[in-house]
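Engineer: Sharing protein_6.txt, compact mmCIF, C-alpha atoms:
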```txt
# COMPACT_ATOMS: atom_id res chain seq x y z
CA GLN A 5 -5.70 46.27 -13.49
CA LYS A 6 -3.32 45.06 -16.15
CA GLU A 7 -2.83 47.40 -19.09
CA VAL A 8 -4.00 44.87 -21.68
CA GLU A 9 -6.06 41.86 -20.65
CA GLN A 10 -7.08 38.80 -22.61
CA ASN A 11 -8.68 35.51 -21.71
CA SER A 12 -5.83 33.01 -21.96
CA GLY A 13 -8.16 30.28 -23.21
CA PRO A 14 -7.78 27.86 -24.72
CA LEU A 15 -10.63 28.65 -27.05
CA SER A 16 -11.72 25.67 -29.09
CA VAL A 17 -13.98 26.02 -32.14
CA PRO A 18 -14.92 23.58 -34.90
CA GLU A 19 -13.68 24.11 -38.43
CA GLY A 20 -15.87 26.57 -40.30
CA ALA A 21 -17.14 28.30 -37.17
CA ILE A 22 -16.56 31.89 -36.07
CA ALA A 23 -13.86 32.39 -33.45
CA SER A 24 -14.30 35.43 -31.23
CA LEU A 25 -11.30 36.79 -29.33
CA ASN A 26 -11.61 39.61 -26.84
CA CYS A 27 -9.34 42.14 -25.19
CA THR A 28 -9.76 44.99 -22.71
CA TYR A 29 -7.26 47.75 -22.00
CA SER A 30 -6.55 50.58 -19.60
CA ASP A 31 -7.65 53.97 -20.80
CA ARG A 32 -4.64 56.29 -20.89
CA GLY A 33 -5.18 58.64 -23.76
CA SER A 34 -4.68 58.17 -27.45
CA GLN A 35 -4.09 54.63 -28.56
CA SER A 36 -3.79 52.38 -31.55
CA PHE A 37 -4.69 48.71 -31.50
CA PHE A 38 -3.33 45.58 -33.07
CA TRP A 39 -3.87 41.86 -33.31
CA TYR A 40 -0.94 39.53 -33.79
CA ARG A 41 -0.87 35.82 -34.40
CA GLN A 42 1.90 33.65 -32.99
CA TYR A 43 2.39 30.06 -33.99
CA SER A 44 4.23 27.82 -31.57
CA GLY A 45 7.97 28.41 -31.84
CA LYS A 46 7.54 31.40 -34.15
CA SER A 47 7.53 35.15 -33.77
CA PRO A 48 4.34 37.21 -33.62
CA GLU A 49 3.05 38.41 -36.96
CA LEU A 50 0.72 41.35 -37.45
CA ILE A 51 -2.70 40.43 -38.79
CA MET A 52 -4.85 43.50 -38.09
CA SER A 53 -4.53 47.09 -36.95
CA ILE A 54 -7.41 49.35 -35.98
CA TYR A 55 -7.32 52.99 -35.01
CA SER A 56 -10.92 54.22 -34.72
CA ASN A 57 -14.20 52.99 -33.30
CA GLY A 58 -16.12 50.47 -35.34
CA ASP A 59 -15.30 47.47 -37.45
CA LYS A 60 -12.45 46.81 -39.83
CA GLU A 61 -12.56 43.81 -42.12
CA ASP A 62 -9.71 42.09 -43.90
CA GLY A 63 -10.58 38.80 -45.56
CA ARG A 64 -11.80 36.38 -42.91
CA PHE A 65 -10.72 38.70 -40.09
CA THR A 66 -12.76 41.50 -38.54
CA ALA A 67 -11.40 43.73 -35.80
CA GLN A 68 -13.86 45.66 -33.66
CA LEU A 69 -13.01 48.61 -31.45
CA ASN A 70 -15.14 50.27 -28.78
CA LYS A 71 -13.15 52.97 -27.04
CA ALA A 72 -15.97 53.90 -24.66
CA SER A 73 -15.92 50.35 -23.29
CA GLN A 74 -12.14 50.01 -23.66
CA TYR A 75 -12.70 46.87 -25.65
CA VAL A 76 -11.24 45.44 -28.82
CA SER A 77 -12.09 42.13 -30.41
CA LEU A 78 -11.11 39.93 -33.32
CA LEU A 79 -13.52 37.73 -35.22
CA ILE A 80 -12.23 34.95 -37.44
CA ARG A 81 -14.86 33.67 -39.86
CA ASP A 82 -14.75 30.23 -41.43
CA SER A 83 -12.05 29.15 -38.99
CA GLN A 84 -9.48 26.73 -40.38
CA PRO A 85 -7.14 24.34 -38.54
CA SER A 86 -4.30 26.54 -39.80
CA ASP A 87 -5.73 29.36 -37.66
CA SER A 88 -4.77 27.40 -34.54
CA ALA A 89 -2.29 29.70 -32.79
CA THR A 90 -1.99 32.20 -29.97
CA TYR A 91 -3.59 35.56 -30.71
CA LEU A 92 -2.05 38.57 -29.05
CA CYS A 93 -3.87 41.84 -28.52
CA ALA A 94 -1.60 44.87 -28.43
CA VAL A 95 -2.14 48.51 -27.59
CA ASN A 96 0.17 51.39 -28.35
CA TRP A 97 -0.25 54.52 -26.27
CA ASP A 98 0.86 57.82 -27.69
CA THR A 99 3.89 58.53 -25.54
CA GLY A 100 5.83 60.53 -28.09
CA GLY A 101 7.18 57.27 -29.43
CA PHE A 102 6.17 53.64 -29.63
CA LYS A 103 5.38 51.73 -26.46
CA THR A 104 3.27 48.80 -27.55
CA ILE A 105 2.00 46.65 -24.71
CA PHE A 106 0.80 43.12 -25.37
CA GLY A 107 -1.81 41.03 -23.67
CA ALA A 108 -0.94 37.54 -22.51
CA GLY A 109 -2.59 36.03 -25.57
CA THR A 110 -5.48 33.67 -26.21
CA ARG A 111 -4.75 30.18 -27.49
CA LEU A 112 -7.12 29.18 -30.25
CA PHE A 113 -7.67 25.60 -31.37
CA VAL A 114 -9.67 24.93 -34.53
CA LYS A 115 -10.82 21.32 -34.67
CA ALA A 116 -11.07 19.66 -38.08
CA LYS B 29 12.57 43.78 -48.98
CA ALA B 30 14.59 42.18 -46.21
CA GLY B 31 12.87 41.53 -42.90
CA VAL B 32 14.10 41.97 -39.36
CA THR B 33 17.31 40.13 -38.61
CA GLN B 34 18.29 39.09 -35.13
CA THR B 35 21.56 37.48 -34.16
CA PRO B 36 22.43 35.11 -32.71
CA ARG B 37 19.42 32.80 -32.80
CA TYR B 38 20.48 30.81 -29.75
CA LEU B 39 22.72 31.52 -26.80
CA ILE B 40 23.70 29.64 -23.68
CA LYS B 41 25.32 31.68 -20.94
CA THR B 42 26.32 31.14 -17.33
CA ARG B 43 24.91 33.11 -14.42
CA GLY B 44 26.86 36.29 -13.83
CA GLN B 45 27.97 36.66 -17.43
CA GLN B 46 26.77 39.35 -19.77
CA VAL B 47 25.29 39.03 -23.23
CA THR B 48 24.76 41.27 -26.25
CA LEU B 49 22.02 40.68 -28.80
CA SER B 50 21.77 42.35 -32.17
CA CYS B 51 18.88 43.48 -34.34
CA SER B 52 18.81 44.91 -37.83
CA PRO B 53 15.42 46.46 -38.65
CA ILE B 54 13.63 46.63 -41.96
CA SER B 55 15.34 49.02 -44.33
CA GLY B 56 13.92 52.51 -43.82
CA HIS B 57 12.54 51.79 -40.36
CA ARG B 58 14.09 53.96 -37.70
CA SER B 59 12.39 52.58 -34.59
CA VAL B 60 13.44 49.40 -32.85
CA SER B 61 11.66 47.94 -29.83
CA TRP B 62 12.86 45.05 -27.70
CA TYR B 63 10.69 42.52 -25.90
CA GLN B 64 11.25 39.63 -23.54
CA GLN B 65 8.93 36.66 -23.93
CA THR B 66 8.55 33.98 -21.30
CA PRO B 67 5.78 31.40 -20.80
CA GLY B 68 4.78 32.93 -17.48
CA GLN B 69 4.92 36.64 -18.30
CA GLY B 70 4.18 36.76 -22.00
CA LEU B 71 5.62 39.55 -24.12
CA GLN B 72 7.14 42.24 -21.91
CA PHE B 73 8.26 45.60 -23.31
CA LEU B 74 11.91 46.40 -22.61
CA PHE B 75 12.61 49.62 -24.49
CA GLU B 76 12.26 51.47 -27.77
CA TYR B 77 14.94 53.32 -29.71
CA PHE B 78 14.54 55.88 -32.45
CA SER B 79 17.36 57.77 -34.14
CA GLU B 80 19.87 56.52 -31.60
CA THR B 81 17.77 57.72 -28.65
CA GLN B 82 15.81 55.69 -26.15
CA ARG B 83 12.27 57.07 -26.32
CA ASN B 84 10.44 54.59 -24.11
CA LYS B 85 11.37 52.16 -21.41
CA GLY B 86 9.62 49.28 -19.69
CA ASN B 87 9.88 48.09 -16.11
CA PHE B 88 13.10 46.14 -16.22
CA PRO B 89 16.14 46.54 -13.98
CA GLY B 90 19.15 48.53 -15.09
CA ARG B 91 20.96 45.31 -16.01
CA PHE B 92 19.01 45.53 -19.25
CA SER B 93 20.28 48.20 -21.57
CA GLY B 94 20.33 48.96 -25.23
CA ARG B 95 21.62 51.25 -27.88
CA GLN B 96 21.00 52.12 -31.47
CA PHE B 97 23.45 53.02 -34.17
CA SER B 98 23.20 55.59 -36.94
CA ASN B 99 22.17 52.86 -39.42
CA SER B 100 19.23 51.98 -37.09
CA ARG B 101 20.74 48.67 -36.06
CA SER B 102 20.23 48.07 -32.36
CA GLU B 103 21.89 46.05 -29.67
CA MET B 104 20.56 44.92 -26.35
CA ASN B 105 22.81 44.05 -23.43
CA VAL B 106 22.05 42.13 -20.28
CA SER B 107 24.68 42.19 -17.57
CA THR B 108 25.09 39.92 -14.55
CA LEU B 109 22.79 37.30 -16.00
CA GLU B 110 20.31 35.54 -13.75
CA LEU B 111 18.49 32.27 -14.32
CA GLY B 112 15.25 34.23 -14.69
CA ASP B 113 16.66 36.03 -17.72
CA SER B 114 16.23 32.86 -19.74
CA ALA B 115 13.72 33.85 -22.40
CA LEU B 116 13.07 34.58 -26.02
CA TYR B 117 14.20 38.11 -26.82
CA LEU B 118 12.36 39.68 -29.71
CA CYS B 119 13.18 42.77 -31.66
CA ALA B 120 10.44 44.69 -33.47
CA SER B 121 10.96 47.08 -36.34
CA GLN B 122 8.56 49.99 -36.69
CA GLY B 123 8.29 52.61 -39.38
CA ARG B 124 5.97 55.60 -39.38
CA THR B 125 3.24 53.76 -37.48
CA ALA B 126 3.29 51.56 -34.41
CA GLU B 127 2.76 48.42 -36.51
CA ALA B 128 5.55 46.14 -35.35
CA PHE B 129 7.37 43.60 -37.47
CA PHE B 130 9.28 41.05 -35.45
CA GLY B 131 12.52 39.26 -36.01
CA GLN B 132 12.87 35.54 -35.37
CA GLY B 133 14.18 36.20 -31.88
CA THR B 134 17.16 35.15 -29.83
CA ARG B 135 16.62 32.26 -27.46
CA LEU B 136 18.77 32.90 -24.37
CA THR B 137 19.34 30.15 -21.85
CA VAL B 138 21.10 31.00 -18.60
CA VAL B 139 22.56 28.04 -16.72
```
Show how you would write the structure in this file as structure tokens.
Structural biologist:
Amino acid sequence: QKEVEQNSGPLSVPEGAIASLNCTYSDRGSQSFFWYRQYSGKSPELIMSIYSNGDKEDGRFTAQLNKASQYVSLLIRDSQPSDSATYLCAVNWDTGGFKTIFGAGTRLFVKA
Amino acid sequence: KAGVTQTPRYLIKTRGQQVTLSCSPISGHRSVSWYQQTPGQGLQFLFEYFSETQRNKGNFPGRFSGRQFSNSRSEMNVSTLELGDSALYLCASQGRTAEAFFGQGTRLTVV
């Protein structure tokens, strides 16, 4: 099993819809979780971090974490064409430093 | 507040050569992580440096090495370049948490 797994997509949603992105990870102790967005030809940029079970909302984005199921998701409400990008799930395991492992990413297309 | 600066932005090298990439993290950040990004493998963790010490390492051969200086700037070196080393190399700056802030990357092409 890969350490961090995502459906590569592409995921296509109409403008204004909710986009749901999912990620599973290997359970190896204490972790912190992140979602990054990467536009084509650009570097990843951090959009959400989540550290404990439950939901965390920031504007149109909601991250959800379920450690018992080893599952983290990102919901994008009112999707806009500008949200079209690759979304990367990342997990950092507590190794006495930072070792953040990324999933392969899910390509999202928002159709106008 | 300045972001993460990587130099050079583009490089073309010949097989067998070596290359050194540079990264200056966000001011005040002491941790620098390096990643290789390719279309087939995605973002792969190379190593992480903190206070001039390598704290974590990924699954790359010994041809990939790095170091960090007292001002937190970091360099990554790849020796005996292979065609498969062609990739985007990204540096990430981290402060007190694992939240990573990436530079623009160095695009390495090995011919």
Engineer: I need the chain A residues near chain B as a PyMOL selection string; criterion: at most 7 Å, counting only C-alpha atoms.
Structural biologist: chain A and resi 46-49+96+101-103+105-106+108
Engineer: Between A:Asp31, A:Gln74, A:Leu79, A:Leu25, single out the one closest to Asp62 in chain A, counting only C-alpha atoms.
Structural biologist: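 With only C-alpha atoms as the atom set, the closest residue is A:Leu79.
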Engineer: At a cut-off of 8 Å from (-4.4, 31.2, -28.2) in the coordinates of the file, what residues are picked up using only C-alpha atoms, written as an MDAnalysis selection string?
Structural biologist: chainID A and resid 12:15 88:92 109:113
Engineer: What gap, in Å, lies between CA of Gly90 in chain B and CA of Thr104 in chain A?
Structural biologist: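 Between CA of Gly90 in chain B and CA of Thr104 in chain A the gap works out to 20.2 Å.
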Engineer: Nearest to Ala21 in chain A among A:Val8, A:Ala72, A:Ala116, A:Met52, with distances taken over all atoms listed in the file: which residue is it?
Structural biologist: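 Smallest separation from Ala21 in chain A among the options: A:Ala116.
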Engineer: With distances taken over all atoms listed in the file, which residue among A:Tyr40, A:Lys115, A:Thr28, A:Glu19 lies nearest Asp82 in chain A?
Structural biologist: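 Smallest distance to Asp82 in chain A is found for A:Glu19.
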Engineer: Mind pulling up the distance from CA of Thr66 in chain A to CA of Ile22 in chain A?
Structural biologist: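 Between these atoms lies a distance of 10.6 Å.
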Engineer: Using all atoms listed in the file, pick whichever of A:Ser36, A:Ser86, A:Ser24, A:Ser16 has the shortest atom-to-atom distance to Phe65 in chain A.
Structural biologist: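 Smallest distance to Phe65 in chain A is found for A:Ser24.
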Engineer: So what do you get for CA of Ser100 in chain B versus CA of Phe38 in chain A, distance-wise?
Structural biologist: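 CA of Ser100 in chain B sits 23.8 Å away from CA of Phe38 in chain A.
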Engineer: Please provide the set of residues having any atom within 8 Å of range 108-112 of chain B, restricted to only C-alpha atoms, with same-chain residues fewer than 4 positions apart removed, written as a count of residues only.
Structural biologist: 11
Engineer: Find the residue from B:Thr35, B:Ser79, B:Asn87, B:Gly94 that sits nearest to Val106 in chain B; use only C-alpha atoms when measuring.
Structural biologist: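 Counting only C-alpha atoms, the residue closest to Val106 in chain B is B:Gly94.
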Engineer: Which residue gives the smallest distance to Ser102 in chain B among B:Ala115, B:Leu136, B:Ile40, B:Ile54, with only C-alpha atoms counted?
Structural biologist: B:Ile54
Engineer: With only C-alpha atoms as the counted atoms, please give the residues lying no more than 10 Å from Ser55 in chain B, apart from itself and same-chain residues fewer than 5 positions off, as an mmCIF file with C-alpha atoms, in the coordinates of the input.
Structural biologist:
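Okay, this is what ended up in result12.cif:
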```
data_model
loop_
_atom_site.group_PDB
_atom_site.id
_atom_site.type_symbol
_atom_site.label_atom_id
_atom_site.label_comp_id
_atom_site.auth_asym_id
_atom_site.auth_seq_id
_atom_site.Cartn_x
_atom_site.Cartn_y
_atom_site.Cartn_z
ATOM 1 C CA LYS B 29 12.570 43.780 -48.980
ATOM 2 C CA ALA B 30 14.590 42.180 -46.210
ATOM 3 C CA GLY B 31 12.870 41.530 -42.900
ATOM 4 C CA VAL B 32 14.100 41.970 -39.360
ATOM 5 C CA ASN B 99 22.170 52.860 -39.420
ATOM 6 C CA SER B 100 19.230 51.980 -37.090
ATOM 7 C CA ARG B 101 20.740 48.670 -36.060
ATOM 8 C CA SER B 121 10.960 47.080 -36.340
ATOM 9 C CA GLY B 123 8.290 52.610 -39.380
#
```
